[in-house]
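**Q** One file: final.cif (mmCIF, C-alpha atoms).
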```
data_final
loop_
_atom_site.label_atom_id
_atom_site.label_comp_id
_atom_site.auth_asym_id
_atom_site.auth_seq_id
_atom_site.Cartn_x
_atom_site.Cartn_y
_atom_site.Cartn_z
CA MET W 127 38.34 -50.04 3.99
CA ALA W 128 35.15 -48.13 3.28
CA VAL W 129 35.40 -44.37 3.06
CA SER W 130 32.65 -42.57 4.96
CA ARG W 131 30.87 -39.84 3.03
CA ALA W 132 29.72 -36.59 4.50
CA PRO W 133 25.96 -36.41 4.93
CA GLU W 134 24.19 -34.55 2.15
CA LEU W 135 22.55 -31.28 3.07
CA PRO W 136 19.85 -30.65 0.45
CA LEU W 137 18.54 -27.61 2.34
CA LEU W 138 21.91 -25.88 2.61
CA PRO W 139 21.70 -23.95 -0.72
CA GLY W 140 18.25 -22.69 0.20
CA LEU W 141 19.40 -21.60 3.63
CA LEU W 142 22.36 -19.77 2.12
CA THR W 143 20.19 -17.87 -0.37
CA LEU W 144 17.61 -16.86 2.25
CA PRO W 145 19.76 -14.08 3.81
CA CYS W 146 20.48 -12.72 0.33
CA MET W 147 16.77 -12.62 -0.45
CA LEU W 148 16.03 -10.86 2.83
CA LEU W 149 18.75 -8.28 2.23
CA ARG W 150 17.43 -7.67 -1.28
CA ALA W 151 13.88 -7.25 0.04
CA LEU W 152 15.09 -4.77 2.65
CA ALA W 153 16.92 -2.83 -0.07
CA ILE W 154 13.69 -2.20 -2.01
CA PRO W 155 12.57 1.29 -0.96
CA GLU W 156 9.16 2.56 0.02
CA VAL W 157 8.10 5.84 -1.56
CA TRP W 158 5.77 8.43 -0.06
CA GLN W 159 4.54 11.39 -2.07
CA SER W 160 2.53 14.49 -1.18
CA PRO W 161 0.19 16.15 -1.90
CA HIS W 162 -2.17 13.90 -3.84
CA TYR W 163 -3.70 16.72 -5.90
CA MET W 164 -3.31 20.48 -6.33
CA VAL W 165 -5.25 23.22 -8.08
CA ALA W 166 -3.13 26.31 -8.77
CA PRO W 167 -3.54 29.37 -11.00
CA GLU W 168 -1.29 29.97 -13.96
CA GLY W 169 1.96 31.71 -13.03
CA SER W 170 2.01 30.46 -9.40
CA SER W 171 4.24 27.83 -7.74
CA VAL W 172 3.62 24.35 -6.29
CA ASN W 173 5.67 21.96 -4.14
CA ILE W 174 5.83 18.17 -4.58
CA THR W 175 7.61 16.20 -1.84
CA CYS W 176 9.17 12.78 -2.48
CA SER W 177 10.25 10.71 0.55
CA ALA W 178 11.85 7.27 0.31
CA SER W 179 13.46 4.61 2.49
CA GLY W 180 16.29 2.22 1.69
CA VAL W 181 19.59 2.71 -0.09
CA LEU W 182 18.94 5.09 -3.00
CA LEU W 183 20.91 5.91 -6.13
CA GLY W 184 18.68 8.83 -7.01
CA VAL W 185 15.13 10.15 -7.37
CA TYR W 186 13.06 10.98 -10.45
CA LEU W 187 10.08 13.29 -10.68
CA ARG W 188 8.21 12.20 -13.79
CA ARG W 189 5.03 13.33 -15.44
CA SER W 190 3.17 10.17 -16.43
CA TRP W 191 0.12 11.81 -18.03
CA PRO W 192 -0.86 13.20 -20.52
CA GLU W 193 2.63 13.07 -22.03
CA PRO W 194 5.37 11.02 -20.27
CA THR W 195 8.24 13.33 -19.31
CA ASN W 196 11.23 13.09 -16.97
CA VAL W 197 10.89 16.41 -15.16
CA ILE W 198 14.02 16.03 -13.00
CA TYR W 199 16.56 13.46 -11.85
CA TYR W 200 18.26 14.18 -8.53
CA GLU W 201 21.27 12.61 -6.80
CA ASP W 202 22.91 13.87 -3.64
CA LYS W 203 26.11 15.87 -4.25
CA LYS W 204 25.54 15.90 -8.03
CA GLU W 205 24.12 18.42 -10.45
CA PRO W 206 20.44 17.54 -11.02
CA THR W 207 19.09 16.93 -14.50
CA VAL W 208 16.11 19.10 -15.51
CA ASP W 209 13.96 18.73 -18.62
CA GLU W 210 14.26 21.70 -20.97
CA ARG W 211 10.54 22.47 -20.66
CA PHE W 212 11.01 23.04 -16.91
CA ARG W 213 14.50 24.54 -16.99
CA GLY W 214 14.73 27.78 -15.01
CA ARG W 215 11.47 27.01 -13.20
CA ILE W 216 12.64 24.25 -10.82
CA ALA W 217 14.04 24.59 -7.29
CA PHE W 218 15.12 21.84 -4.85
CA SER W 219 14.99 21.58 -1.07
CA GLY W 220 16.37 18.68 1.01
CA LEU W 221 18.20 15.50 0.07
CA GLN W 222 17.13 12.57 -2.09
CA ARG W 223 15.59 10.75 0.90
CA ASN W 224 13.21 13.66 1.50
CA LEU W 225 13.24 15.90 -1.55
CA THR W 226 10.88 18.81 -2.20
CA VAL W 227 10.64 19.95 -5.82
CA THR W 228 9.22 23.41 -6.44
CA VAL W 229 7.78 24.16 -9.88
CA ARG W 230 7.47 27.91 -10.50
CA GLY W 231 5.75 29.92 -13.20
CA LEU W 232 3.06 27.31 -13.84
CA ARG W 233 1.71 26.99 -17.37
CA GLN W 234 -1.34 25.32 -18.84
CA SER W 235 1.01 22.75 -20.38
CA ASP W 236 2.08 21.70 -16.85
CA ASN W 237 -1.27 19.98 -16.22
CA GLY W 238 -0.85 16.28 -15.50
CA VAL W 239 -0.01 13.51 -13.05
CA TYR W 240 3.46 13.69 -11.48
CA MET W 241 5.13 10.60 -10.01
CA CYS W 242 8.06 10.34 -7.60
CA GLN W 243 10.29 7.37 -8.45
CA ALA W 244 13.10 6.08 -6.23
CA VAL W 245 16.00 4.29 -7.93
CA THR W 246 18.09 1.52 -6.31
CA MET W 247 20.51 -1.09 -7.61
CA ASP W 248 17.69 -3.63 -8.07
CA ALA W 249 14.45 -1.74 -8.52
CA GLU W 250 12.61 1.48 -9.33
CA VAL W 251 9.63 2.17 -7.06
CA GLN W 252 6.98 4.80 -7.75
CA GLY W 253 4.98 6.93 -5.37
CA SER W 254 1.20 7.36 -5.36
CA GLY W 255 1.20 10.34 -7.74
CA THR W 256 0.19 14.01 -7.62
CA LEU W 257 -2.55 15.42 -9.86
CA LEU W 258 -1.78 19.02 -10.84
CA VAL W 259 -4.49 21.21 -12.38
CA VAL W 260 -3.35 24.62 -13.63
CA THR W 261 -6.20 27.10 -14.11
CA ASP W 262 -6.64 30.47 -15.77
CA GLU W 263 -6.89 33.29 -13.26
CA ALA W 264 -10.38 34.10 -14.54
CA ALA W 265 -11.57 30.50 -14.62
CA GLY W 266 -9.66 29.28 -11.58
CA THR W 267 -12.60 29.24 -9.17
CA TYR W 268 -14.83 27.48 -11.68
CA GLN W 269 -12.22 24.81 -12.47
CA GLU W 270 -11.51 24.20 -8.78
CA THR W 271 -15.21 23.83 -8.05
CA ARG W 272 -15.53 21.29 -10.86
CA LEU W 273 -12.54 19.31 -9.57
CA VAL W 274 -13.82 19.26 -5.98
CA SER W 275 -17.31 18.26 -7.13
CA ALA W 276 -15.78 15.41 -9.12
CA VAL W 277 -13.48 14.19 -6.34
CA CYS W 278 -16.00 14.34 -3.47
CA PRO W 279 -18.39 11.69 -4.90
CA VAL W 280 -15.46 9.36 -5.53
CA LEU W 281 -14.29 9.74 -1.93
CA ALA W 282 -17.83 9.27 -0.63
CA ILE W 283 -18.30 6.06 -2.63
CA SER W 284 -14.91 4.78 -1.45
CA PHE W 285 -15.79 5.37 2.21
CA PHE W 286 -19.20 3.77 1.67
CA LEU W 287 -17.63 0.64 0.18
CA VAL W 288 -15.10 0.42 3.01
CA GLY W 289 -17.89 0.75 5.57
CA LEU W 290 -19.99 -1.83 3.75
CA GLY W 291 -17.11 -4.27 3.70
CA THR W 292 -16.41 -3.72 7.40
CA GLY W 293 -20.08 -4.27 8.26
CA ALA W 294 -20.17 -7.49 6.23
CA VAL W 295 -17.09 -8.82 8.02
CA CYS W 296 -18.58 -7.99 11.44
CA ALA W 297 -21.87 -9.66 10.53
CA LEU W 298 -20.05 -12.76 9.29
CA ARG W 299 -18.05 -12.98 12.51
CA THR W 300 -21.25 -12.70 14.55
CA GLN W 301 -22.92 -15.51 12.57
CA VAL W 302 -19.86 -17.73 12.96
CA LYS W 303 -19.85 -17.15 16.72
CA LYS W 304 -23.57 -17.99 16.92
CA LEU W 305 -23.07 -21.20 14.93
CA CYS W 306 -20.15 -22.24 17.14
CA CYS W 307 -22.12 -21.58 20.33
CA ARG W 308 -25.16 -23.45 18.94
CA LYS W 309 -22.95 -26.42 18.01
CA ASP W 310 -21.41 -26.55 21.50
CA LYS W 311 -24.85 -26.42 23.14
CA SER W 312 -26.15 -29.19 20.86
CA SER W 313 -23.20 -31.41 21.78
CA VAL W 314 -23.84 -30.90 25.51
CA SER W 315 -27.58 -31.67 25.09
CA VAL W 316 -26.85 -34.88 23.18
CA VAL W 317 -24.45 -36.08 25.88
CA TYR W 318 -26.94 -35.21 28.65
CA GLU W 319 -29.81 -36.98 26.86
CA ASP W 320 -27.66 -40.04 26.26
CA MET W 321 -26.70 -40.19 29.94
CA SER W 322 -30.33 -39.73 31.01
CA TYR W 323 -31.47 -42.50 28.68
CA SER W 324 -28.82 -44.92 29.90
CA CYS W 325 -29.61 -44.17 33.55
CA GLY W 326 -33.38 -44.53 33.04
CA ASN W 327 -33.05 -47.91 31.28
CA ARG W 328 -30.58 -49.52 33.68
CA MET W 329 -32.04 -52.82 35.06
CA PRO W 330 -32.04 -53.12 38.84
CA THR W 331 -29.59 -55.68 40.14
CA PRO W 332 -31.35 -58.37 42.23
CA ASN W 333 -30.12 -58.84 45.78
CA GLU W 334 -28.76 -62.35 45.93
CA TYR W 335 -28.81 -62.33 49.72
CA GLN W 336 -32.56 -61.88 49.96
#
```
As structure tokens, how would this structure be written, given the file I've shared?

**A**
Amino acid sequence: MAVSRAPELPLLPGLLTLPCMLLRALAIPEVWQSPHYMVAPEGSSVNITCSASGVLLGVYLRRSWPEPTNVIYYEDKKEPTVDERFRGRIAFSGLQRNLTVTVRGLRQSDNGVYMCQAVTMDAEVQGSGTLLVVTDEAAGTYQETRLVSAVCPVLAISFFLVGLGTGAVCALRTQVKKLCCRKDKSSVSVVYEDMSYSCGNRMPTPNEYQ
């Protein structure tokens, strides 16, 4: 007596891993950071806000340039870790999902790019970064003017390139539409001419009753 075997399901392992992959993708956080740049005089204070989605273990604020430094590490309901160079000058507001870090008593050595970084079980995701420029009180206006004059051309070029790309896409779409319409008209003309030719060359049928 032959024993029937259960049908093989080659797709079953893939189907079982798909929900796990989706759950893992949903667990990867998105990070938003503001502001993008700041110019502040020496001795003043600035705020950097880190917002993140997903299930978080904690949040870093790191300085990535010119010298990599972990400024703080923050977890809800735990004592935050603060780098010794910033100790006594850091204040926190909010929770790790929407954390505002205040840096007080700014120094020239605080110049740099600061990154928010959200930590999960599977990944660490960085924000867009905040450029901090600390100026002397006497040279503050001059430094700010230089920074603005350097940033404005970059923004102008970026907007120009975006506009140029948008215009090229619109022009391409218009050309494609024209080609499609021209092709449809050509097809109709060919069919009409073929019908006219066949009708004009049809031989008259003689009347057999005449």

**Q** If you take only C-alpha atoms and a cut-off of 9 Å, which residues of range 210-240 of chain W touch range 253-264 of chain W, and what are their nearest atom pairs and distances in Å to one decimal, in chain and number order, as CSV?

**A**
```
residue,atom,partner,partner_atom,distance
W:Leu232,CA,W:Val260,CA,7.0
W:Arg233,CA,W:Val260,CA,6.7
W:Gln234,CA,W:Val260,CA,5.6
W:Ser235,CA,W:Val260,CA,8.3
W:Asp236,CA,W:Val260,CA,7.0
W:Asn237,CA,W:Val259,CA,5.2
W:Gly238,CA,W:Leu258,CA,5.5
W:Val239,CA,W:Leu257,CA,4.5
W:Tyr240,CA,W:Thr256,CA,5.1
```

**Q** Just the selected residues (C-alpha atoms), exported as a CSV table (one decimal), in the frame of the given file, please.

**A**
```csv
chain,number,residue,atom,x,y,z
W,232,LEU,CA,3.1,27.3,-13.8
W,233,ARG,CA,1.7,27.0,-17.4
W,234,GLN,CA,-1.3,25.3,-18.8
W,235,SER,CA,1.0,22.8,-20.4
W,236,ASP,CA,2.1,21.7,-16.8
W,237,ASN,CA,-1.3,20.0,-16.2
W,238,GLY,CA,-0.8,16.3,-15.5
W,239,VAL,CA,0.0,13.5,-13.0
W,240,TYR,CA,3.5,13.7,-11.5
```

**Q** For CA of Glu250 in chain W and CA of Ser171 in chain W, quote the distance in Å rounded to one decimal.

**A** 27.7 Å

**Q** Dump as number ranges by chain all residues having an atom at most 8 Å from (13.6, 14.3, 0.2), computed in the file's coordinates with only C-alpha atoms.

**A** W: 175-178, 219-226

**Q** I'd like the residues picked by the PyMOL selection byres ((chain W and resi 199-212) around 9) written out as a ChimeraX atom specification, using the chain letters and numbers from the file.

**A** /W:182-188,195-198,213-216,221-222,225,229-230

**Q** What is the CA of Asp248 in chain W to CA of Ser160 in chain W distance in Å?

**A** 24.6 Å

**Q** Quick one: distance from CA of Gly231 in chain W to CA of Glu168 in chain W in Å, one decimal?

**A**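 About the pair CA of Gly231 in chain W and CA of Glu168 in chain W: they are 7.1 Å apart.
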
**Q** Apply the PyMOL selection byres ((chain W and resi 247) around 12) to the displayed file and report the matching residues as a PyMOL selection string.

**A** chain W and resi 150-151+153-155+180-184+244-246+248-251

**Q** Could you save the residues just selected, with C-alpha atoms, as a JSON list (two decimals), keeping the file's coordinate frame?

**A**
```
[["chain", "number", "residue", "atom", "x", "y", "z"],
["W", 150, "ARG", "CA", 17.43, -7.67, -1.28],
["W", 151, "ALA", "CA", 13.88, -7.25, 0.04],
["W", 153, "ALA", "CA", 16.92, -2.83, -0.07],
["W", 154, "ILE", "CA", 13.69, -2.20, -2.01],
["W", 155, "PRO", "CA", 12.57, 1.29, -0.96],
["W", 180, "GLY", "CA", 16.29, 2.22, 1.69],
["W", 181, "VAL", "CA", 19.59, 2.71, -0.09],
["W", 182, "LEU", "CA", 18.94, 5.09, -3.00],
["W", 183, "LEU", "CA", 20.91, 5.91, -6.13],
["W", 184, "GLY", "CA", 18.68, 8.83, -7.01],
["W", 244, "ALA", "CA", 13.10, 6.08, -6.23],
["W", 245, "VAL", "CA", 16.00, 4.29, -7.93],
["W", 246, "THR", "CA", 18.09, 1.52, -6.31],
["W", 248, "ASP", "CA", 17.69, -3.63, -8.07],
["W", 249, "ALA", "CA", 14.45, -1.74, -8.52],
["W", 250, "GLU", "CA", 12.61, 1.48, -9.33],
["W", 251, "VAL", "CA", 9.63, 2.17, -7.06]]
```
